[in-house]
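Enquirer: Enclosed is the structure file my_file26.pdb (PDB, C-alpha atoms).
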```
ATOM      1  CA  MET H   1     -33.892 -28.109  -4.247
ATOM      2  CA  ILE H   2     -33.043 -28.126  -0.566
ATOM      3  CA  ARG H   3     -31.932 -24.729   0.646
ATOM      4  CA  LEU H   4     -29.023 -24.770   3.072
ATOM      5  CA  PRO H   5     -29.755 -22.282   5.894
ATOM      6  CA  ILE H   6     -26.172 -20.989   6.027
ATOM      7  CA  GLY H   7     -27.220 -17.347   6.250
ATOM      8  CA  ASP H   8     -29.701 -18.096   9.030
ATOM      9  CA  ALA H   9     -27.046 -19.948  11.018
ATOM     10  CA  VAL H  10     -24.550 -17.095  10.623
ATOM     11  CA  GLU H  11     -27.181 -14.543  11.676
ATOM     12  CA  LYS H  12     -28.078 -16.553  14.781
ATOM     13  CA  ALA H  13     -24.395 -16.915  15.667
ATOM     14  CA  VAL H  14     -23.823 -13.163  15.304
ATOM     15  CA  ASP H  15     -26.916 -12.421  17.415
ATOM     16  CA  TRP H  16     -25.732 -14.842  20.106
ATOM     17  CA  MET H  17     -22.245 -13.319  20.160
ATOM     18  CA  THR H  18     -23.661  -9.793  20.285
ATOM     19  CA  VAL H  19     -25.654 -10.652  23.422
ATOM     20  CA  ASN H  20     -23.240 -12.970  25.233
ATOM     21  CA  TRP H  21     -19.937 -11.326  24.338
ATOM     22  CA  ALA H  22     -21.085  -7.762  24.852
ATOM     23  CA  GLY H  23     -18.507  -7.146  27.578
ATOM     24  CA  PHE H  24     -15.661  -8.398  25.418
ATOM     25  CA  PHE H  25     -16.715  -6.319  22.414
ATOM     26  CA  GLY H  26     -17.153  -3.291  24.672
ATOM     27  CA  ALA H  27     -13.597  -3.650  25.971
ATOM     28  CA  VAL H  28     -12.192  -4.101  22.454
ATOM     29  CA  LYS H  29     -14.127  -1.061  21.266
ATOM     30  CA  TRP H  30     -12.784   1.088  24.102
ATOM     31  CA  ILE H  31      -9.180  -0.001  23.494
ATOM     32  CA  LEU H  32      -9.338   0.511  19.730
ATOM     33  CA  LEU H  33     -11.061   3.864  20.059
ATOM     34  CA  TRP H  34      -8.419   4.999  22.535
ATOM     35  CA  VAL H  35      -5.565   3.944  20.222
ATOM     36  CA  ILE H  36      -7.120   5.525  17.125
ATOM     37  CA  THR H  37      -7.853   8.742  19.016
ATOM     38  CA  ARG H  38      -4.274   8.939  20.294
ATOM     39  CA  PHE H  39      -2.905   8.570  16.775
ATOM     40  CA  GLU H  40      -5.363  11.179  15.493
ATOM     41  CA  ASP H  41      -4.303  13.597  18.220
ATOM     42  CA  LEU H  42      -0.641  12.971  17.424
ATOM     43  CA  PHE H  43      -1.004  13.472  13.679
ATOM     44  CA  THR H  44      -3.357  16.463  13.838
ATOM     45  CA  LEU H  45      -1.723  18.369  16.703
ATOM     46  CA  ILE H  46       1.707  18.332  15.058
ATOM     47  CA  PRO H  47       1.902  21.165  12.476
ATOM     48  CA  PHE H  48       1.483  19.892   8.935
ATOM     49  CA  TYR H  49       4.890  21.160   7.831
ATOM     50  CA  VAL H  50       6.584  19.154  10.589
ATOM     51  CA  VAL H  51       4.790  15.966   9.506
ATOM     52  CA  ILE H  52       5.732  16.626   5.879
ATOM     53  CA  LEU H  53       9.356  17.245   6.877
ATOM     54  CA  ILE H  54       9.523  14.021   8.907
ATOM     55  CA  LEU H  55       8.032  11.938   6.097
ATOM     56  CA  ALA H  56      10.269  13.610   3.515
ATOM     57  CA  VAL H  57      13.423  12.857   5.525
ATOM     58  CA  LEU H  58      12.234   9.279   6.038
ATOM     59  CA  ALA H  59      11.555   8.946   2.315
ATOM     60  CA  TRP H  60      14.993  10.393   1.474
ATOM     61  CA  LYS H  61      16.782   7.942   3.770
ATOM     62  CA  LEU H  62      14.817   4.878   2.688
ATOM     63  CA  ALA H  63      13.752   5.458  -0.899
ATOM     64  CA  GLY H  64      15.888   8.231  -2.359
ATOM     65  CA  ARG H  65      15.687  11.873  -3.307
ATOM     66  CA  GLY H  66      12.947  11.449  -5.908
ATOM     67  CA  THR H  67      10.565   9.918  -3.384
ATOM     68  CA  ALA H  68      11.375  12.677  -0.903
ATOM     69  CA  VAL H  69      10.510  15.344  -3.478
ATOM     70  CA  PHE H  70       7.291  13.542  -4.374
ATOM     71  CA  THR H  71       6.397  13.300  -0.669
ATOM     72  CA  VAL H  72       6.804  17.050  -0.168
ATOM     73  CA  VAL H  73       4.913  17.998  -3.340
ATOM     74  CA  GLY H  74       2.163  15.416  -2.850
ATOM     75  CA  LEU H  75       1.462  16.239   0.765
ATOM     76  CA  TRP H  76       1.604  19.960   0.008
ATOM     77  CA  ILE H  77      -1.154  19.367  -2.568
ATOM     78  CA  VAL H  78      -3.188  17.636   0.133
ATOM     79  CA  VAL H  79      -2.776  20.687   2.371
ATOM     80  CA  SER H  80      -3.663  23.088  -0.455
ATOM     81  CA  ILE H  81      -6.980  21.351  -1.203
ATOM     82  CA  GLY H  82      -7.962  21.525   2.462
ATOM     83  CA  LEU H  83      -7.924  17.794   3.251
ATOM     84  CA  TRP H  84      -5.010  17.596   5.677
ATOM     85  CA  THR H  85      -7.128  16.810   8.755
ATOM     86  CA  GLU H  86      -9.064  14.118   6.877
ATOM     87  CA  THR H  87      -5.792  12.647   5.611
ATOM     88  CA  MET H  88      -4.405  12.432   9.138
ATOM     89  CA  GLU H  89      -7.620  10.768  10.345
ATOM     90  CA  THR H  90      -7.233   8.224   7.563
ATOM     91  CA  LEU H  91      -3.565   7.733   8.444
ATOM     92  CA  ALA H  92      -4.525   7.102  12.084
ATOM     93  CA  LEU H  93      -7.009   4.431  11.007
ATOM     94  CA  VAL H  94      -4.492   2.823   8.647
ATOM     95  CA  VAL H  95      -1.679   2.839  11.230
ATOM     96  CA  THR H  96      -3.916   1.318  13.916
ATOM     97  CA  SER H  97      -5.287  -1.355  11.589
ATOM     98  CA  THR H  98      -1.842  -2.198  10.242
ATOM     99  CA  LEU H  99      -0.321  -2.528  13.714
ATOM    100  CA  ILE H 100      -3.106  -4.872  14.824
ATOM    101  CA  ALA H 101      -2.822  -6.891  11.611
ATOM    102  CA  LEU H 102       0.934  -7.281  12.155
ATOM    103  CA  ILE H 103       0.593  -8.122  15.858
ATOM    104  CA  ILE H 104      -1.782 -10.950  14.935
ATOM    105  CA  GLY H 105      -0.464 -11.835  11.497
ATOM    106  CA  ILE H 106       3.291 -12.189  12.036
ATOM    107  CA  PRO H 107       3.064 -14.645  14.994
ATOM    108  CA  LEU H 108       0.408 -16.599  13.096
ATOM    109  CA  GLY H 109       2.665 -16.747  10.035
ATOM    110  CA  ILE H 110       5.545 -17.967  12.204
ATOM    111  CA  TRP H 111       3.292 -20.643  13.699
ATOM    112  CA  MET H 112       2.243 -21.740  10.190
ATOM    113  CA  SER H 113       5.878 -22.048   9.122
ATOM    114  CA  ARG H 114       6.643 -24.309  12.081
ATOM    115  CA  SER H 115       3.564 -26.537  11.881
ATOM    116  CA  GLU H 116       2.159 -28.204   8.773
ATOM    117  CA  THR H 117      -1.121 -28.855  10.584
ATOM    118  CA  VAL H 118      -1.606 -25.175  11.349
ATOM    119  CA  ASN H 119      -0.559 -24.329   7.794
ATOM    120  CA  ARG H 120      -3.190 -26.645   6.299
ATOM    121  CA  VAL H 121      -5.901 -25.253   8.577
ATOM    122  CA  VAL H 122      -5.110 -21.551   8.260
ATOM    123  CA  ARG H 123      -4.449 -21.341   4.498
ATOM    124  CA  PRO H 124      -8.086 -21.887   3.422
ATOM    125  CA  ILE H 125      -9.211 -19.418   6.097
ATOM    126  CA  LEU H 126      -6.862 -16.795   4.660
ATOM    127  CA  ALA H 127      -8.162 -17.527   1.165
ATOM    128  CA  PHE H 128     -11.705 -17.045   2.464
ATOM    129  CA  MET H 129     -10.743 -13.743   4.120
ATOM    130  CA  GLN H 130      -9.141 -12.444   0.915
ATOM    131  CA  THR H 131     -11.904 -13.464  -1.488
ATOM    132  CA  MET H 132     -14.927 -12.491   0.604
ATOM    133  CA  PRO H 133     -16.229  -9.084  -0.597
ATOM    134  CA  ALA H 134     -15.038  -6.388   1.768
ATOM    135  CA  PHE H 135     -18.573  -5.028   2.223
ATOM    136  CA  VAL H 136     -19.599  -8.256   3.968
ATOM    137  CA  TYR H 137     -17.207  -7.559   6.851
ATOM    138  CA  LEU H 138     -19.071  -4.350   7.637
ATOM    139  CA  ILE H 139     -22.227  -6.177   8.737
ATOM    140  CA  PRO H 140     -20.885  -8.085  11.795
ATOM    141  CA  ALA H 141     -18.540  -5.195  12.586
ATOM    142  CA  VAL H 142     -21.538  -2.856  12.963
ATOM    143  CA  TYR H 143     -23.396  -5.498  14.992
ATOM    144  CA  PHE H 144     -20.539  -5.872  17.457
ATOM    145  CA  PHE H 145     -19.187  -2.305  17.646
ATOM    146  CA  ASP H 146     -21.952   0.061  16.406
ATOM    147  CA  LEU H 147     -21.047   2.797  13.913
ATOM    148  CA  GLY H 148     -17.795   4.767  13.874
ATOM    149  CA  MET H 149     -14.066   4.309  13.544
ATOM    150  CA  VAL H 150     -13.853   1.059  15.523
ATOM    151  CA  PRO H 151     -15.933  -1.173  13.211
ATOM    152  CA  GLY H 152     -14.050   0.374  10.298
ATOM    153  CA  ALA H 153     -10.757  -0.587  11.923
ATOM    154  CA  VAL H 154     -11.960  -4.133  12.673
ATOM    155  CA  ALA H 155     -13.183  -4.674   9.112
ATOM    156  CA  THR H 156      -9.897  -3.259   7.802
ATOM    157  CA  VAL H 157      -7.844  -5.609   9.990
ATOM    158  CA  ILE H 158      -9.746  -8.657   8.738
ATOM    159  CA  PHE H 159      -9.404  -7.564   5.122
ATOM    160  CA  ALA H 160      -5.744  -6.491   5.294
ATOM    161  CA  MET H 161      -4.205  -9.169   7.543
ATOM    162  CA  PRO H 162      -3.815 -12.156   5.123
ATOM    163  CA  PRO H 163      -0.716 -10.802   3.270
ATOM    164  CA  ALA H 164       1.131 -10.345   6.571
ATOM    165  CA  VAL H 165       0.389 -13.964   7.523
ATOM    166  CA  ARG H 166       1.123 -15.457   4.104
ATOM    167  CA  LEU H 167       4.376 -13.608   3.458
ATOM    168  CA  THR H 168       5.713 -14.226   6.972
ATOM    169  CA  ASN H 169       5.071 -17.935   6.477
ATOM    170  CA  LEU H 170       6.603 -17.828   2.984
ATOM    171  CA  GLY H 171       9.670 -15.869   4.054
ATOM    172  CA  ILE H 172      10.563 -18.252   6.873
ATOM    173  CA  ARG H 173       9.984 -21.316   4.691
ATOM    174  CA  GLN H 174      12.291 -19.887   2.013
ATOM    175  CA  VAL H 175      15.290 -19.632   4.344
ATOM    176  CA  PRO H 176      17.950 -21.877   2.718
ATOM    177  CA  GLY H 177      18.274 -25.339   4.223
ATOM    178  CA  ASP H 178      22.067 -25.166   4.384
ATOM    179  CA  VAL H 179      21.809 -22.067   6.570
ATOM    180  CA  ILE H 180      19.449 -23.928   8.910
ATOM    181  CA  GLU H 181      21.811 -26.901   9.070
ATOM    182  CA  ALA H 182      24.792 -24.655   9.776
ATOM    183  CA  ALA H 183      22.916 -22.935  12.605
ATOM    184  CA  ARG H 184      21.992 -26.307  14.083
ATOM    185  CA  ALA H 185      25.592 -27.445  13.821
ATOM    186  CA  PHE H 186      26.608 -24.438  15.927
ATOM    187  CA  GLY H 187      24.079 -25.476  18.556
ATOM    188  CA  CYS H 188      21.262 -22.977  17.990
ATOM    189  CA  THR H 189      18.151 -23.606  20.052
ATOM    190  CA  GLY H 190      14.705 -23.320  18.478
ATOM    191  CA  ASN H 191      14.221 -19.732  19.621
ATOM    192  CA  GLN H 192      17.738 -18.734  18.574
ATOM    193  CA  MET H 193      17.112 -20.276  15.164
ATOM    194  CA  LEU H 194      13.891 -18.320  14.780
ATOM    195  CA  PHE H 195      14.977 -14.898  16.031
ATOM    196  CA  LYS H 196      18.641 -14.850  14.950
ATOM    197  CA  VAL H 197      18.512 -16.778  11.674
ATOM    198  CA  GLN H 198      15.064 -17.294  10.141
ATOM    199  CA  ILE H 199      13.339 -13.966  10.881
ATOM    200  CA  PRO H 200      16.349 -11.789   9.862
ATOM    201  CA  LEU H 201      16.701 -13.691   6.565
ATOM    202  CA  ALA H 202      12.939 -13.567   5.989
ATOM    203  CA  MET H 203      12.687  -9.869   6.823
ATOM    204  CA  PRO H 204      12.525  -8.582   3.198
ATOM    205  CA  THR H 205       9.567 -10.881   2.526
ATOM    206  CA  ILE H 206       7.923  -9.924   5.823
ATOM    207  CA  LEU H 207       8.329  -6.247   4.915
ATOM    208  CA  ALA H 208       6.674  -6.969   1.570
ATOM    209  CA  GLY H 209       3.755  -8.288   3.621
ATOM    210  CA  LEU H 210       3.770  -5.030   5.583
ATOM    211  CA  ASN H 211       3.596  -3.081   2.333
ATOM    212  CA  GLN H 212       0.655  -5.117   1.045
ATOM    213  CA  THR H 213      -1.146  -4.829   4.384
ATOM    214  CA  ILE H 214      -0.871  -1.031   4.293
ATOM    215  CA  MET H 215      -2.142  -0.896   0.705
ATOM    216  CA  LEU H 216      -5.138  -3.109   1.497
ATOM    217  CA  ALA H 217      -5.890  -1.040   4.596
ATOM    218  CA  LEU H 218      -5.959   2.115   2.451
ATOM    219  CA  SER H 219      -8.260   0.408  -0.037
ATOM    220  CA  MET H 220     -10.790  -0.006   2.795
ATOM    221  CA  VAL H 221     -10.905   3.731   3.514
ATOM    222  CA  VAL H 222     -13.942   4.513   1.363
ATOM    223  CA  ILE H 223     -15.752   1.305   2.325
ATOM    224  CA  SER H 224     -15.241   1.952   6.044
ATOM    225  CA  SER H 225     -16.710   5.438   5.660
ATOM    226  CA  MET H 226     -20.052   3.785   4.920
ATOM    227  CA  ILE H 227     -20.252   2.722   8.581
ATOM    228  CA  GLY H 228     -19.090   5.996  10.072
ATOM    229  CA  ALA H 229     -15.294   5.868   9.829
ATOM    230  CA  GLU H 230     -13.891   9.372   9.522
ATOM    231  CA  GLY H 231     -11.268  10.570   7.094
ATOM    232  CA  LEU H 232     -10.904  10.790   3.351
ATOM    233  CA  GLY H 233     -13.505   8.093   2.810
ATOM    234  CA  ILE H 234     -16.223  10.504   3.954
ATOM    235  CA  THR H 235     -15.113  13.023   1.330
ATOM    236  CA  VAL H 236     -15.207  10.414  -1.438
ATOM    237  CA  LEU H 237     -18.527   9.018  -0.230
ATOM    238  CA  GLN H 238     -20.095  12.475  -0.200
ATOM    239  CA  GLY H 239     -18.834  13.021  -3.710
ATOM    240  CA  ILE H 240     -20.560   9.807  -4.790
ATOM    241  CA  THR H 241     -23.865  10.260  -2.957
ATOM    242  CA  GLN H 242     -24.211  13.976  -3.718
ATOM    243  CA  LEU H 243     -22.774  13.762  -7.266
ATOM    244  CA  LYS H 244     -20.014  16.232  -6.411
ATOM    245  CA  VAL H 245     -17.411  15.185  -8.937
ATOM    246  CA  GLY H 246     -14.762  17.688  -7.859
ATOM    247  CA  GLU H 247     -15.039  16.874  -4.160
ATOM    248  CA  GLY H 248     -14.912  13.146  -4.842
ATOM    249  CA  PHE H 249     -11.873  13.564  -7.096
ATOM    250  CA  GLU H 250     -10.012  15.586  -4.478
ATOM    251  CA  GLY H 251     -10.695  12.933  -1.832
ATOM    252  CA  GLY H 252      -9.561  10.189  -4.178
ATOM    253  CA  LEU H 253      -6.432  12.163  -5.099
ATOM    254  CA  ALA H 254      -5.512  12.548  -1.424
ATOM    255  CA  VAL H 255      -5.939   8.783  -0.923
ATOM    256  CA  VAL H 256      -3.692   8.085  -3.918
ATOM    257  CA  ILE H 257      -0.988  10.478  -2.696
ATOM    258  CA  LEU H 258      -1.012   8.994   0.804
ATOM    259  CA  ALA H 259      -0.923   5.463  -0.635
ATOM    260  CA  MET H 260       2.007   6.266  -2.929
ATOM    261  CA  VAL H 261       4.010   7.903  -0.138
ATOM    262  CA  LEU H 262       3.515   4.967   2.228
ATOM    263  CA  ASP H 263       4.141   2.459  -0.558
ATOM    264  CA  ARG H 264       7.452   4.010  -1.616
ATOM    265  CA  ILE H 265       8.666   4.378   1.984
ATOM    266  CA  THR H 266       7.862   0.784   2.957
ATOM    267  CA  GLN H 267       9.309  -0.563  -0.295
ATOM    268  CA  GLY H 268      12.472   1.442   0.301
ATOM    269  CA  PHE H 269      12.706   0.073   3.827
ATOM    270  CA  GLY H 270      12.431  -3.460   2.451
ATOM    271  CA  ARG H 271      15.127  -2.864  -0.179
ATOM    272  CA  LYS H 272      17.453  -1.314   2.391
ATOM    273  CA  ASP H 273      17.007  -4.269   4.726
ATOM    274  CA  SER H 274      17.661  -6.683   1.836
ATOM    275  CA  LYS H 275      20.894  -4.862   0.939
ATOM    276  CA  LYS H 276      22.077  -5.106   4.553
ATOM    277  CA  LEU H 277      21.520  -8.860   4.511
ATOM    278  CA  GLN H 278      23.382  -9.222   1.231
ATOM    279  CA  ALA H 279      26.293  -7.197   2.629
ATOM    280  CA  LYS H 280      26.514  -9.519   5.600
TER
END
```
For the structure just supplied, provide its representation as C-alpha cells.

Expert:
Amino acid sequence: MIRLPIGDAVEKAVDWMTVNWAGFFGAVKWILLWVITRFEDLFTLIPFYVVILILAVLAWKLAGRGTAVFTVVGLWIVVSIGLWTETMETLALVVTSTLIALIIGIPLGIWMSRSETVNRVVRPILAFMQTMPAFVYLIPAVYFFDLGMVPGAVATVIFAMPPAVRLTNLGIRQVPGDVIEAARAFGCTGNQMLFKVQIPLAMPTILAGLNQTIMLALSMVVISSMIGAEGLGITVLQGITQLKVGEGFEGGLAVVILAMVLDRITQGFGRKDSKKLQAK
C-alpha cells in the first residue's frame, strides 16, 4: 500500500516554523514566563493561611458553607503534607492557561455563533483538538519553547480551550428567539444585542465552559511535568518513575483537592449567576 507521508510533512512544517518563527516564539515564551512567574510570586509570597481564608470566603459566598469547610480542611491537608508550594505553582500554571484559553476561546465562540461558515470550519478543528492524545501536544511545544513551564502552559491551553469555545457558541445560540426579536424591536444594534442581551443570557453556559476548561487544565498537570513544568505533576511523576507509592499518592491527593475546590467555586459562581438572571 502507498504510505501517506503525513508525519514527514508535519515534521518539516514544525522544523520550518522553529527556524523562521524563532523571534515570535521567543516573544511568546518571554511573555508567558513573565505571567506565570508573577502568579507564582503572588501565590507563594502570600502566607498560606491568607490564601486559604480568601478561598474559603469565596467558597462560602458562591457555593455555601459546606464547600467553605471542605476548602479549609482540604487545603490544610495540602499544607500538612508539605506540598503547598507545589500546589501554588500548579495553580499559577492553571490560572495562566485558563486565562489564555478564555481570551482566545470566548471571542472565537462568539464568532462561531454569528457565522455559520466559521462554525463549520472551527467545529472539526475543536473535535481534533479534543480527541488528539494530550501527549502529542508536548512534542511541538518542546520544539518551539524548549523545556519548562511555558511549553506546559501552551500544551495545556491547546488541550483545555475547546470547551470554552463550544459552550460560548452554544450559550449564545440558545438565547430564545423571542428575546432577540424584542431587543431588535427596541432598536438594539449588533453590539448592544451581543453585550447586553446574548452574553448575559448565555453567561451560565459560558461559566460551565470555564469550569470544564479549569478541569482539563488540571488534568494536564502530570503530563506537563514530563517536559519540565513545575508543581504537583513533578511529585506524581517522581512517584511513578521512582516507585514511591506514598509520594505519588500525596501528589495526586493534592491535585484532587485543588480540582475539587476550583470545581465547586466555579460551579457555585455559575449557579449564582443563573439565579440572578432568573430573578430579573

Enquirer: Take the PyMOL selection byres ((chain H and resi 57) around 12), apply it to the structure above, and return the hits as a ChimeraX atom specification.

Expert: /H:50-56,58-72,265

Enquirer: Those residues with C-alpha atoms, as a PDB file, in the coordinates of the input please?

Expert:
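Now in out_23.pdb:
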```pdb
ATOM      1  CA  VAL H  50       6.584  19.154  10.589  1.00  0.00           C
ATOM      2  CA  VAL H  51       4.790  15.966   9.506  1.00  0.00           C
ATOM      3  CA  ILE H  52       5.732  16.626   5.879  1.00  0.00           C
ATOM      4  CA  LEU H  53       9.356  17.245   6.877  1.00  0.00           C
ATOM      5  CA  ILE H  54       9.523  14.021   8.907  1.00  0.00           C
ATOM      6  CA  LEU H  55       8.032  11.938   6.097  1.00  0.00           C
ATOM      7  CA  ALA H  56      10.269  13.610   3.515  1.00  0.00           C
ATOM      8  CA  LEU H  58      12.234   9.279   6.038  1.00  0.00           C
ATOM      9  CA  ALA H  59      11.555   8.946   2.315  1.00  0.00           C
ATOM     10  CA  TRP H  60      14.993  10.393   1.474  1.00  0.00           C
ATOM     11  CA  LYS H  61      16.782   7.942   3.770  1.00  0.00           C
ATOM     12  CA  LEU H  62      14.817   4.878   2.688  1.00  0.00           C
ATOM     13  CA  ALA H  63      13.752   5.458  -0.899  1.00  0.00           C
ATOM     14  CA  GLY H  64      15.888   8.231  -2.359  1.00  0.00           C
ATOM     15  CA  ARG H  65      15.687  11.873  -3.307  1.00  0.00           C
ATOM     16  CA  GLY H  66      12.947  11.449  -5.908  1.00  0.00           C
ATOM     17  CA  THR H  67      10.565   9.918  -3.384  1.00  0.00           C
ATOM     18  CA  ALA H  68      11.375  12.677  -0.903  1.00  0.00           C
ATOM     19  CA  VAL H  69      10.510  15.344  -3.478  1.00  0.00           C
ATOM     20  CA  PHE H  70       7.291  13.542  -4.374  1.00  0.00           C
ATOM     21  CA  THR H  71       6.397  13.300  -0.669  1.00  0.00           C
ATOM     22  CA  VAL H  72       6.804  17.050  -0.168  1.00  0.00           C
ATOM     23  CA  ILE H 265       8.666   4.378   1.984  1.00  0.00           C
TER      24      ILE H 265
END
```

Enquirer: Determine the residue set returned by the PyMOL selection byres ((chain H and resi 167-176) around 6) for the present structure, and present it as a count of residues only.

Expert: 16

Enquirer: For the structure provided, state which residues fall under the PyMOL selection byres ((chain H and resi 140) around 10), and present them as a PyMOL selection string.

Expert: chain H and resi 10-11+14-15+17-18+136-139+141-146+151+154-155

Enquirer: Give me the residues near Phe39 of chain H as JSON, numbers by chain, where near means some atom within 9 Å (using all atoms listed in the file) and where sequence neighbours in that chain fewer than 6 positions away do not count.

Expert: {"H": [88, 89, 91, 92, 93, 95, 96]}

Enquirer: What's around segment 74-81 of chain H at 10 Å? Count only C-alpha atoms, leave out sequence neighbours fewer than 5 positions away in its own chain, and write the answer as a list in words.

Expert: Phe48, Tyr49, Val51, Ile52, Leu55, Ala56, Ala68, Val69, Glu86, Thr87, Glu247, Glu250, Gly251, Leu253, Ala254, Val255, Val256, Ile257, Leu258, Met260 and Val261 of chain H

Enquirer: Could you check the closest approach to Met215 of chain H for each of H:Ala101, H:Leu83, H:Met149, H:Val94 and tell me which residue wins, using only C-alpha atoms?

Expert: H:Val94

Enquirer: Could you write segment 90-118 of chain H of the block just shown to a file containing C-alpha atoms, as a PDB file, in the first residue's frame?

Expert:
```pdb
ATOM      1  CA  THR H  90       0.322  24.273  39.763  1.00  0.00           C
ATOM      2  CA  LEU H  91      -2.348  26.892  40.457  1.00  0.00           C
ATOM      3  CA  ALA H  92      -0.221  29.526  38.693  1.00  0.00           C
ATOM      4  CA  LEU H  93       0.069  27.295  35.627  1.00  0.00           C
ATOM      5  CA  VAL H  94      -3.659  26.523  35.646  1.00  0.00           C
ATOM      6  CA  VAL H  95      -4.671  30.178  36.090  1.00  0.00           C
ATOM      7  CA  THR H  96      -2.368  31.328  33.278  1.00  0.00           C
ATOM      8  CA  SER H  97      -3.513  28.588  30.907  1.00  0.00           C
ATOM      9  CA  THR H  98      -7.173  29.172  31.719  1.00  0.00           C
ATOM     10  CA  LEU H  99      -6.925  32.929  31.173  1.00  0.00           C
ATOM     11  CA  ILE H 100      -5.266  32.432  27.785  1.00  0.00           C
ATOM     12  CA  ALA H 101      -7.819  29.782  26.813  1.00  0.00           C
ATOM     13  CA  LEU H 102     -10.666  32.158  27.710  1.00  0.00           C
ATOM     14  CA  ILE H 103      -9.085  35.157  25.969  1.00  0.00           C
ATOM     15  CA  ILE H 104      -8.878  33.113  22.765  1.00  0.00           C
ATOM     16  CA  GLY H 105     -11.848  30.813  23.246  1.00  0.00           C
ATOM     17  CA  ILE H 106     -14.681  33.185  24.175  1.00  0.00           C
ATOM     18  CA  PRO H 107     -14.225  35.578  21.193  1.00  0.00           C
ATOM     19  CA  LEU H 108     -13.864  32.563  18.901  1.00  0.00           C
ATOM     20  CA  GLY H 109     -17.075  31.077  20.303  1.00  0.00           C
ATOM     21  CA  ILE H 110     -18.862  34.392  19.753  1.00  0.00           C
ATOM     22  CA  TRP H 111     -17.586  34.492  16.170  1.00  0.00           C
ATOM     23  CA  MET H 112     -18.837  30.923  15.611  1.00  0.00           C
ATOM     24  CA  SER H 113     -22.286  31.851  16.911  1.00  0.00           C
ATOM     25  CA  ARG H 114     -22.518  34.754  14.467  1.00  0.00           C
ATOM     26  CA  SER H 115     -21.174  32.981  11.379  1.00  0.00           C
ATOM     27  CA  GLU H 116     -22.213  29.566  10.084  1.00  0.00           C
ATOM     28  CA  THR H 117     -19.117  29.444   7.877  1.00  0.00           C
ATOM     29  CA  VAL H 118     -16.800  29.909  10.839  1.00  0.00           C
TER      30      VAL H 118
END
```
